[in-house]
file final_16.txt (compact mmCIF, C-alpha atoms)
# COMPACT_ATOMS: atom_id res chain seq x y z
CA MET A 29 115.28 94.42 93.63
CA LYS A 30 112.79 97.05 92.48
CA LEU A 31 109.41 97.91 94.00
CA GLY A 32 106.04 98.27 92.32
CA VAL A 33 102.94 99.71 94.00
CA HIS A 34 99.58 98.39 92.80
CA TYR A 35 96.74 100.75 93.78
CA ALA A 36 93.76 98.38 93.69
CA ASN A 37 91.44 99.64 96.41
CA PHE A 38 89.78 103.05 96.18
CA THR A 39 87.53 102.43 99.20
CA HIS A 40 88.99 104.45 102.07
CA PRO A 41 87.32 106.53 104.79
CA ASP A 42 85.45 109.47 103.25
CA TRP A 43 86.26 108.23 99.76
CA PRO A 44 83.40 110.18 98.10
CA THR A 45 85.33 113.39 98.82
CA THR A 46 88.92 112.18 99.23
CA LEU A 47 89.40 109.39 96.65
CA GLU A 48 91.30 111.62 94.22
CA ASP A 49 93.50 113.13 96.93
CA ARG A 50 94.58 109.74 98.31
CA LEU A 51 95.38 108.39 94.86
CA THR A 52 97.34 111.51 93.93
CA GLU A 53 99.37 111.65 97.12
CA THR A 54 100.15 107.92 97.04
CA ALA A 55 101.40 108.20 93.47
CA LYS A 56 103.52 111.24 94.31
CA VAL A 57 105.09 109.51 97.31
CA ALA A 58 105.85 106.46 95.15
CA ASP A 59 107.26 108.64 92.38
CA GLU A 60 109.50 110.71 94.65
CA GLY A 61 110.48 107.73 96.81
CA GLY A 62 112.04 105.60 94.08
CA VAL A 63 109.22 103.16 93.29
CA SER A 64 109.82 101.60 89.88
CA LEU A 65 106.26 100.89 88.75
CA PHE A 66 102.86 102.31 89.73
CA THR A 67 99.82 100.39 88.52
CA VAL A 68 96.06 100.48 88.80
CA MET A 69 93.55 97.85 87.80
CA ASP A 70 91.70 97.77 84.51
CA HIS A 71 88.21 97.06 85.77
CA TRP A 72 84.85 98.76 85.41
CA PHE A 73 83.48 97.13 88.59
CA GLN A 74 85.50 96.59 91.74
CA MET A 75 86.42 92.94 92.24
CA GLU A 76 84.06 91.00 94.44
CA ASN A 77 86.70 90.20 97.05
CA LEU A 78 87.09 93.98 97.56
CA GLY A 79 83.37 94.67 97.75
CA GLY A 80 82.10 94.30 94.20
CA PRO A 81 80.27 96.82 91.99
CA SER A 82 78.99 98.95 94.87
CA GLU A 83 82.56 100.06 95.65
CA PRO A 84 84.45 102.76 93.70
CA MET A 85 86.55 101.94 90.63
CA LEU A 86 88.13 104.42 88.21
CA GLU A 87 88.61 103.72 84.51
CA GLY A 88 92.19 102.64 83.94
CA TYR A 89 93.67 104.65 81.09
CA THR A 90 91.97 107.88 82.14
CA THR A 91 93.55 107.36 85.56
CA LEU A 92 97.01 106.69 84.11
CA GLY A 93 96.79 109.79 81.94
CA TYR A 94 96.07 111.84 85.05
CA LEU A 95 98.92 110.18 86.95
CA ALA A 96 101.30 110.96 84.10
CA ALA A 97 100.71 114.64 84.81
CA VAL A 98 101.34 114.46 88.55
CA THR A 99 104.43 112.20 88.47
CA SER A 100 107.83 112.45 86.80
CA ASN A 101 109.80 109.23 87.23
CA VAL A 102 107.71 106.13 87.90
CA ARG A 103 106.65 103.74 85.15
CA LEU A 104 102.88 103.60 84.62
CA SER A 105 100.76 100.61 83.64
CA LEU A 106 97.53 98.76 84.13
CA LEU A 107 97.88 95.45 85.94
CA VAL A 108 96.51 94.32 83.64
CA THR A 109 94.12 95.38 80.88
CA GLY A 110 91.84 92.62 79.71
CA VAL A 111 91.97 91.98 75.98
CA THR A 112 88.17 92.19 75.85
CA TYR A 113 88.02 95.79 77.12
CA ARG A 114 89.30 97.63 74.04
CA HIS A 115 89.83 97.01 70.36
CA PRO A 116 93.60 96.46 70.00
CA GLY A 117 94.08 99.33 67.54
CA LEU A 118 92.51 101.72 70.05
CA LEU A 119 94.53 100.12 72.85
CA ALA A 120 97.79 100.71 70.99
CA LYS A 121 96.77 104.33 70.43
CA GLN A 122 95.95 104.79 74.13
CA VAL A 123 99.27 103.35 75.30
CA THR A 124 101.11 105.44 72.72
CA THR A 125 99.35 108.57 73.99
CA LEU A 126 100.24 107.69 77.57
CA ASP A 127 103.84 107.12 76.54
CA ARG A 128 104.02 110.52 74.84
CA LEU A 129 102.41 112.45 77.66
CA SER A 130 104.51 110.70 80.32
CA ARG A 131 107.72 111.23 78.32
CA GLY A 132 108.39 107.53 77.93
CA ARG A 133 107.03 105.94 81.11
CA ALA A 134 104.16 103.84 79.75
CA MET A 135 103.94 100.07 79.73
CA LEU A 136 101.32 97.85 78.13
CA GLY A 137 100.12 95.44 80.79
CA ILE A 138 97.73 92.96 79.20
CA GLY A 139 96.04 89.63 79.87
CA ALA A 140 93.16 87.45 78.74
CA ALA A 141 90.51 88.99 81.10
CA TRP A 142 88.46 87.07 83.63
CA TYR A 143 85.78 89.23 85.32
CA ASP A 144 82.64 88.16 83.46
CA ARG A 145 80.28 90.01 85.84
CA GLU A 146 81.41 93.45 84.74
CA HIS A 147 81.15 92.46 81.08
CA ALA A 148 77.57 91.26 81.56
CA GLY A 149 76.80 94.29 83.69
CA LEU A 150 77.89 96.81 81.05
CA GLY A 151 76.87 94.76 78.02
CA VAL A 152 80.35 93.92 76.72
CA PRO A 153 80.86 90.53 75.02
CA PHE A 154 82.86 87.99 77.02
CA PRO A 155 84.02 85.16 74.75
CA SER A 156 85.18 81.73 75.82
CA THR A 157 88.58 81.26 77.44
CA SER A 158 90.09 79.81 74.27
CA GLU A 159 88.82 82.71 72.17
CA ARG A 160 90.08 85.28 74.65
CA PHE A 161 93.57 83.83 74.39
CA GLU A 162 93.33 83.88 70.60
CA ARG A 163 92.31 87.52 70.80
CA LEU A 164 95.15 88.23 73.24
CA GLU A 165 97.76 86.99 70.80
CA GLU A 166 96.21 88.92 67.93
CA ALA A 167 96.03 92.06 70.09
CA LEU A 168 99.75 91.76 70.84
CA GLN A 169 100.46 91.42 67.12
CA VAL A 170 98.31 94.48 66.34
CA CYS A 171 100.05 96.59 68.97
CA LEU A 172 103.50 95.62 67.69
CA GLN A 173 102.47 96.44 64.12
CA MET A 174 101.05 99.80 65.26
CA TRP A 175 104.37 100.51 66.98
CA GLY A 176 106.45 99.47 63.99
CA ASP A 177 107.00 100.74 60.48
CA ASP A 178 104.24 98.73 58.81
CA THR A 179 101.17 100.96 58.43
CA GLY A 180 99.37 98.48 56.22
CA ALA A 181 96.51 96.14 56.95
CA TYR A 182 96.27 93.52 59.66
CA ALA A 183 94.11 90.49 58.91
CA GLY A 184 93.49 88.21 61.86
CA THR A 185 90.76 85.78 62.76
CA HIS A 186 89.17 88.17 65.26
CA TYR A 187 90.55 91.58 64.27
CA GLN A 188 90.83 93.17 60.85
CA LEU A 189 92.47 96.59 60.49
CA ALA A 190 92.66 98.31 57.12
CA GLU A 191 95.37 100.82 58.07
CA THR A 192 97.62 100.68 61.15
CA ALA A 193 98.75 104.31 61.18
CA ASN A 194 99.88 105.60 64.58
CA VAL A 195 101.12 109.21 64.61
CA PRO A 196 102.82 110.46 66.72
CA PRO A 197 104.82 107.34 67.49
CA ALA A 198 105.54 106.17 71.01
CA TYR A 199 108.26 108.00 72.91
CA GLN A 200 110.10 104.79 73.79
CA THR A 201 111.90 102.83 71.12
CA PRO A 202 111.30 100.36 69.69
CA HIS A 203 107.99 100.50 71.63
CA PRO A 204 106.59 100.70 75.16
CA PRO A 205 107.49 97.56 77.12
CA ILE A 206 104.87 94.83 77.12
CA LEU A 207 103.93 93.02 80.32
CA VAL A 208 101.81 89.89 79.95
CA GLY A 209 100.17 89.05 83.26
CA GLY A 210 99.55 85.55 84.53
CA ALA A 211 101.36 82.25 84.85
CA GLY A 212 99.43 79.73 82.77
CA GLU A 213 102.09 77.34 81.56
CA ARG A 214 100.71 76.40 78.15
CA LYS A 215 99.42 79.73 76.81
CA THR A 216 100.29 82.72 79.00
CA LEU A 217 103.97 82.02 79.53
CA ARG A 218 104.34 81.20 75.84
CA LEU A 219 102.96 84.65 75.02
CA VAL A 220 105.41 86.19 77.51
CA ALA A 221 108.27 84.42 75.78
CA GLN A 222 107.17 85.40 72.30
CA TYR A 223 105.98 88.98 72.78
CA ALA A 224 106.73 90.47 76.22
CA GLN A 225 109.53 92.29 77.96
CA MET A 226 108.11 91.62 81.44
CA CYS A 227 106.09 88.96 83.21
CA ASN A 228 104.04 89.24 86.40
CA ILE A 229 103.48 86.07 88.40
CA PHE A 230 101.54 85.70 91.62
CA GLY A 231 103.80 84.90 94.54
CA GLU A 232 102.85 81.42 95.66
CA GLY A 233 106.28 80.55 97.02
CA HIS A 234 109.83 80.09 95.81
CA ASP A 235 109.33 76.55 94.55
CA VAL A 236 106.32 77.55 92.45
CA MET A 237 108.18 80.54 91.07
CA ALA A 238 111.20 78.42 90.19
CA HIS A 239 108.94 76.04 88.27
CA LYS A 240 107.14 78.84 86.42
CA LEU A 241 110.40 80.48 85.41
CA ASP A 242 111.71 77.17 84.19
CA VAL A 243 108.61 76.83 82.00
CA LEU A 244 109.16 80.37 80.74
CA ARG A 245 112.78 79.58 79.91
CA ARG A 246 111.71 76.55 77.85
CA HIS A 247 109.17 78.69 75.96
CA CYS A 248 111.92 81.23 75.25
CA ASP A 249 114.14 78.45 73.91
CA ASP A 250 111.31 77.29 71.64
CA ALA A 251 110.58 80.84 70.44
CA GLY A 252 114.23 81.78 70.01
CA THR A 253 113.92 84.73 72.38
CA ASP A 254 116.21 85.89 75.19
CA TYR A 255 114.97 84.67 78.58
CA ASP A 256 117.41 86.95 80.40
CA ALA A 257 116.02 90.03 78.63
CA ILE A 258 112.56 89.53 80.18
CA GLU A 259 112.04 91.39 83.46
CA LYS A 260 110.64 88.96 86.00
CA SER A 261 108.18 90.34 88.55
CA VAL A 262 106.12 88.90 91.35
CA ILE A 263 103.03 90.27 93.05
CA VAL A 264 102.61 89.30 96.71
CA MET A 265 99.99 90.07 99.34
CA THR A 266 102.57 90.36 102.14
CA ASP A 267 102.48 93.55 104.22
CA ALA A 268 106.05 94.80 104.01
CA GLN A 269 105.31 97.47 106.58
CA ALA A 270 104.09 95.04 109.24
CA ASP A 271 107.06 92.64 109.03
CA PRO A 272 109.93 94.17 107.08
CA ASP A 273 112.48 91.51 108.07
CA GLY A 274 110.23 88.63 107.10
CA PHE A 275 109.29 90.34 103.86
CA LEU A 276 112.91 90.94 102.91
CA THR A 277 113.86 87.36 103.71
CA ASP A 278 111.08 86.18 101.43
CA MET A 279 112.15 88.58 98.68
CA ALA A 280 115.76 87.41 98.92
CA GLY A 281 114.52 83.96 97.91
CA TYR A 282 112.73 85.39 94.87
CA ALA A 283 115.73 87.54 93.96
CA ALA A 284 117.92 84.43 93.97
CA LEU A 285 115.65 83.02 91.27
CA GLY A 286 116.11 86.09 89.09
CA VAL A 287 113.00 88.04 90.08
CA GLU A 288 113.79 91.74 89.66
CA THR A 289 110.59 93.50 90.75
CA VAL A 290 108.07 92.89 93.52
CA THR A 291 104.65 94.54 93.39
CA LEU A 292 102.73 95.27 96.58
CA THR A 293 99.20 96.51 97.23
CA PRO A 294 98.70 98.92 100.14
CA PRO A 295 96.64 96.81 102.59
CA THR A 296 95.36 99.74 104.62
CA ASP A 297 92.94 102.65 104.77
CA ASP A 298 95.99 104.93 104.68
CA PRO A 299 97.82 104.13 101.41
CA VAL A 300 99.76 107.39 101.61
CA GLY A 301 101.19 106.61 105.03
CA TRP A 302 101.83 102.99 104.11
CA THR A 303 103.68 103.91 100.92
CA THR A 304 105.69 106.57 102.73
CA ASP A 305 106.79 104.09 105.36
CA VAL A 306 107.67 101.39 102.83
CA VAL A 307 109.76 103.63 100.58
CA GLU A 308 111.62 105.08 103.56
CA LYS A 309 112.23 101.93 105.58
CA VAL A 310 111.94 98.93 103.26
CA LEU A 311 112.86 100.04 99.74
CA PRO A 312 116.51 100.89 100.53
CA ARG A 313 117.04 97.39 101.90
CA LEU A 314 115.08 95.81 99.04
CA ALA A 315 117.34 97.59 96.54
CA ASP A 316 120.33 95.77 98.03
CA LEU A 317 118.98 92.32 97.23
call {"tool": "encode", "arguments": {"input": "final_16.txt", "output": "structure tokens"}}
result
Amino acid sequence: MKLGVHYANFTHPDWPTTLEDRLTETAKVADEGGVSLFTVMDHWFQMENLGGPSEPMLEGYTTLGYLAAVTSNVRLSLLVTGVTYRHPGLLAKQVTTLDRLSRGRAMLGIGAAWYDREHAGLGVPFPSTSERFERLEEALQVCLQMWGDDTGAYAGTHYQLAETANVPPAYQTPHPPILVGGAGERKTLRLVAQYAQMCNIFGEGHDVMAHKLDVLRRHCDDAGTDYDAIEKSVIVMTDAQADPDGFLTDMAGYAALGVETVTLTPPTDDPVGWTTDVVEKVLPRLADL
């Protein structure tokens, strides 16, 4: 089983002067320690459960571009970008740029968006849920066209592009992997089946995960896509450092269901120390599952 580190909280002691150092060192430890995926959030305001807009939050793709320069091995993604944040043609160009500058380590993590407060705060439209999912599917189609050979027009309900040129192309072929975040059974998992190479589902227990993966398998059957080719990942709030044995027992249950990657968020004011401890003491055992 592989490990992902999700760096969601920039509020640490003395963050006004040390935020960049902590982020950099955590990413380097993850990169050198064998972590498979390093992600940050795509938010303009910090989430309310982590303090809201008064707490620090870096812009996502600028952050990933910086991390590409200070790491060498780890995959880089947002977990996940909201479809409302960027026009899909620009989004495809940003992910392509990240993929080039990281020498093939970019992923497109994308979802339907949910944080209406930051949209209202910065004056960005926030459509209805149904429209956001329509835009999500069109955005996926735009990105795939930008990453393919068709440089012609794209005519959707919400997006119209006259010319989908994208030079230089992405480093990875046929394109950077797509991760669709979420576990909605009717829409989100259908989009995973039809367009994605990776899913990310919140860890609510083995029974819930088994059900969600069964739904995903049925969507793959309907779409004619390969269920086994999709990397299954789970994000959990468990502190692997505090109870390694309990964490690994829990992960063994997910691994038995076919989950290949677990993503953790450092739950501490010392993300560097936490990540160091986890990659040294937990990751080797996790890799054996």
call {"tool": "residues_around", "arguments": {"input": "final_16.txt", "residues": "Leu78 in chain A", "least_positions_apart": "3", "cutoff": "10 Å", "atoms": "only C-alpha atoms", "output": "PyMOL selection string"}}
result
chain A and resi 36-39+74-75+81-84
call {"tool": "write_last_selection", "arguments": {"input": "final_16.txt", "atoms": "C-alpha atoms", "output": "PDB file, in the coordinates of the input"}}
result
ATOM      1  CA  ALA A  36      93.760  98.380  93.690  1.00  0.00           C
ATOM      2  CA  ASN A  37      91.440  99.640  96.410  1.00  0.00           C
ATOM      3  CA  PHE A  38      89.780 103.050  96.180  1.00  0.00           C
ATOM      4  CA  THR A  39      87.530 102.430  99.200  1.00  0.00           C
ATOM      5  CA  GLN A  74      85.500  96.590  91.740  1.00  0.00           C
ATOM      6  CA  MET A  75      86.420  92.940  92.240  1.00  0.00           C
ATOM      7  CA  PRO A  81      80.270  96.820  91.990  1.00  0.00           C
ATOM      8  CA  SER A  82      78.990  98.950  94.870  1.00  0.00           C
ATOM      9  CA  GLU A  83      82.560 100.060  95.650  1.00  0.00           C
ATOM     10  CA  PRO A  84      84.450 102.760  93.700  1.00  0.00           C
TER      11      PRO A  84
END
call {"tool": "closest_residue", "arguments": {"input": "final_16.txt", "among": "A:Ala148, A:Ala97, A:Trp43, A:Val108", "to": "Thr67 in chain A", "atoms": "only C-alpha atoms"}}
result
A:Val108
call {"tool": "residues_near_point", "arguments": {"input": "final_16.txt", "point": "(103.3, 96.7, 109.1)", "cutoff": "10 Å", "atoms": "all atoms listed in the file", "output": "JSON, numbers by chain"}}
result
{"A": [266, 267, 268, 269, 270, 271, 272, 295, 296, 302, 305, 306]}
call {"tool": "closest_residue", "arguments": {"input": "final_16.txt", "among": "A:Tyr282, A:Gly151, A:Thr179, A:Ala140", "to": "Leu219 in chain A", "atoms": "only C-alpha atoms"}}
result
A:Ala140
call {"tool": "residues_around", "arguments": {"input": "final_16.txt", "residues": "Asp278 in chain A", "least_positions_apart": "3", "cutoff": "12 Å", "atoms": "only C-alpha atoms", "output": "PDB file with C-alpha atoms, in the frame of the given file"}}
result
ATOM      1  CA  GLY A 231     103.800  84.900  94.540  1.00  0.00           C
ATOM      2  CA  GLU A 232     102.850  81.420  95.660  1.00  0.00           C
ATOM      3  CA  GLY A 233     106.280  80.550  97.020  1.00  0.00           C
ATOM      4  CA  HIS A 234     109.830  80.090  95.810  1.00  0.00           C
ATOM      5  CA  ASP A 235     109.330  76.550  94.550  1.00  0.00           C
ATOM      6  CA  VAL A 262     106.120  88.900  91.350  1.00  0.00           C
ATOM      7  CA  VAL A 264     102.610  89.300  96.710  1.00  0.00           C
ATOM      8  CA  MET A 265      99.990  90.070  99.340  1.00  0.00           C
ATOM      9  CA  THR A 266     102.570  90.360 102.140  1.00  0.00           C
ATOM     10  CA  ASP A 267     102.480  93.550 104.220  1.00  0.00           C
ATOM     11  CA  ALA A 268     106.050  94.800 104.010  1.00  0.00           C
ATOM     12  CA  ASP A 271     107.060  92.640 109.030  1.00  0.00           C
ATOM     13  CA  PRO A 272     109.930  94.170 107.080  1.00  0.00           C
ATOM     14  CA  ASP A 273     112.480  91.510 108.070  1.00  0.00           C
ATOM     15  CA  GLY A 274     110.230  88.630 107.100  1.00  0.00           C
ATOM     16  CA  PHE A 275     109.290  90.340 103.860  1.00  0.00           C
ATOM     17  CA  GLY A 281     114.520  83.960  97.910  1.00  0.00           C
ATOM     18  CA  TYR A 282     112.730  85.390  94.870  1.00  0.00           C
ATOM     19  CA  ALA A 283     115.730  87.540  93.960  1.00  0.00           C
ATOM     20  CA  ALA A 284     117.920  84.430  93.970  1.00  0.00           C
ATOM     21  CA  LEU A 285     115.650  83.020  91.270  1.00  0.00           C
ATOM     22  CA  VAL A 287     113.000  88.040  90.080  1.00  0.00           C
ATOM     23  CA  VAL A 290     108.070  92.890  93.520  1.00  0.00           C
ATOM     24  CA  LEU A 314     115.080  95.810  99.040  1.00  0.00           C
ATOM     25  CA  LEU A 317     118.980  92.320  97.230  1.00  0.00           C
TER      26      LEU A 317
END
call {"tool": "decode", "arguments": {"input": "final_16.txt", "residues": "range 259-294 of chain A", "atoms": "C-alpha atoms", "output": "PDB file, in the first residue's frame"}}
result
ATOM      1  CA  GLU A 259      -6.134   3.380  -8.607  1.00  0.00           C
ATOM      2  CA  LYS A 260      -8.280   3.277  -5.490  1.00  0.00           C
ATOM      3  CA  SER A 261      -7.345   5.635  -2.664  1.00  0.00           C
ATOM      4  CA  VAL A 262      -8.782   6.479   0.719  1.00  0.00           C
ATOM      5  CA  ILE A 263      -8.265   9.540   2.885  1.00  0.00           C
ATOM      6  CA  VAL A 264      -8.495   8.954   6.634  1.00  0.00           C
ATOM      7  CA  MET A 265      -8.152  11.192   9.672  1.00  0.00           C
ATOM      8  CA  THR A 266      -6.362   8.522  11.720  1.00  0.00           C
ATOM      9  CA  ASP A 267      -3.041   9.526  13.300  1.00  0.00           C
ATOM     10  CA  ALA A 268      -0.672   6.818  12.086  1.00  0.00           C
ATOM     11  CA  GLN A 269       2.052   8.132  14.360  1.00  0.00           C
ATOM     12  CA  ALA A 270      -0.011   7.842  17.539  1.00  0.00           C
ATOM     13  CA  ASP A 271      -1.182   4.246  16.991  1.00  0.00           C
ATOM     14  CA  PRO A 272       0.805   2.563  14.222  1.00  0.00           C
ATOM     15  CA  ASP A 273      -0.481  -0.943  14.959  1.00  0.00           C
ATOM     16  CA  GLY A 274      -4.116   0.106  14.957  1.00  0.00           C
ATOM     17  CA  PHE A 275      -3.604   2.156  11.817  1.00  0.00           C
ATOM     18  CA  LEU A 276      -1.973  -0.727   9.969  1.00  0.00           C
ATOM     19  CA  THR A 277      -4.710  -3.129  11.027  1.00  0.00           C
ATOM     20  CA  ASP A 278      -7.283  -0.704   9.640  1.00  0.00           C
ATOM     21  CA  MET A 279      -5.317  -0.281   6.414  1.00  0.00           C
ATOM     22  CA  ALA A 280      -5.043  -4.054   5.963  1.00  0.00           C
ATOM     23  CA  GLY A 281      -8.835  -4.123   5.763  1.00  0.00           C
ATOM     24  CA  TYR A 282      -8.839  -1.451   3.060  1.00  0.00           C
ATOM     25  CA  ALA A 283      -6.017  -3.170   1.178  1.00  0.00           C
ATOM     26  CA  ALA A 284      -8.059  -6.380   1.119  1.00  0.00           C
ATOM     27  CA  LEU A 285     -10.745  -4.441  -0.756  1.00  0.00           C
ATOM     28  CA  GLY A 286      -8.263  -3.299  -3.391  1.00  0.00           C
ATOM     29  CA  VAL A 287      -7.380   0.120  -1.989  1.00  0.00           C
ATOM     30  CA  GLU A 288      -3.837   0.932  -3.090  1.00  0.00           C
ATOM     31  CA  THR A 289      -3.140   4.350  -1.546  1.00  0.00           C
ATOM     32  CA  VAL A 290      -3.986   5.939   1.789  1.00  0.00           C
ATOM     33  CA  THR A 291      -3.729   9.702   2.228  1.00  0.00           C
ATOM     34  CA  LEU A 292      -3.060  11.214   5.647  1.00  0.00           C
ATOM     35  CA  THR A 293      -3.048  14.786   6.918  1.00  0.00           C
ATOM     36  CA  PRO A 294      -0.395  15.720   9.500  1.00  0.00           C
TER      37      PRO A 294
END
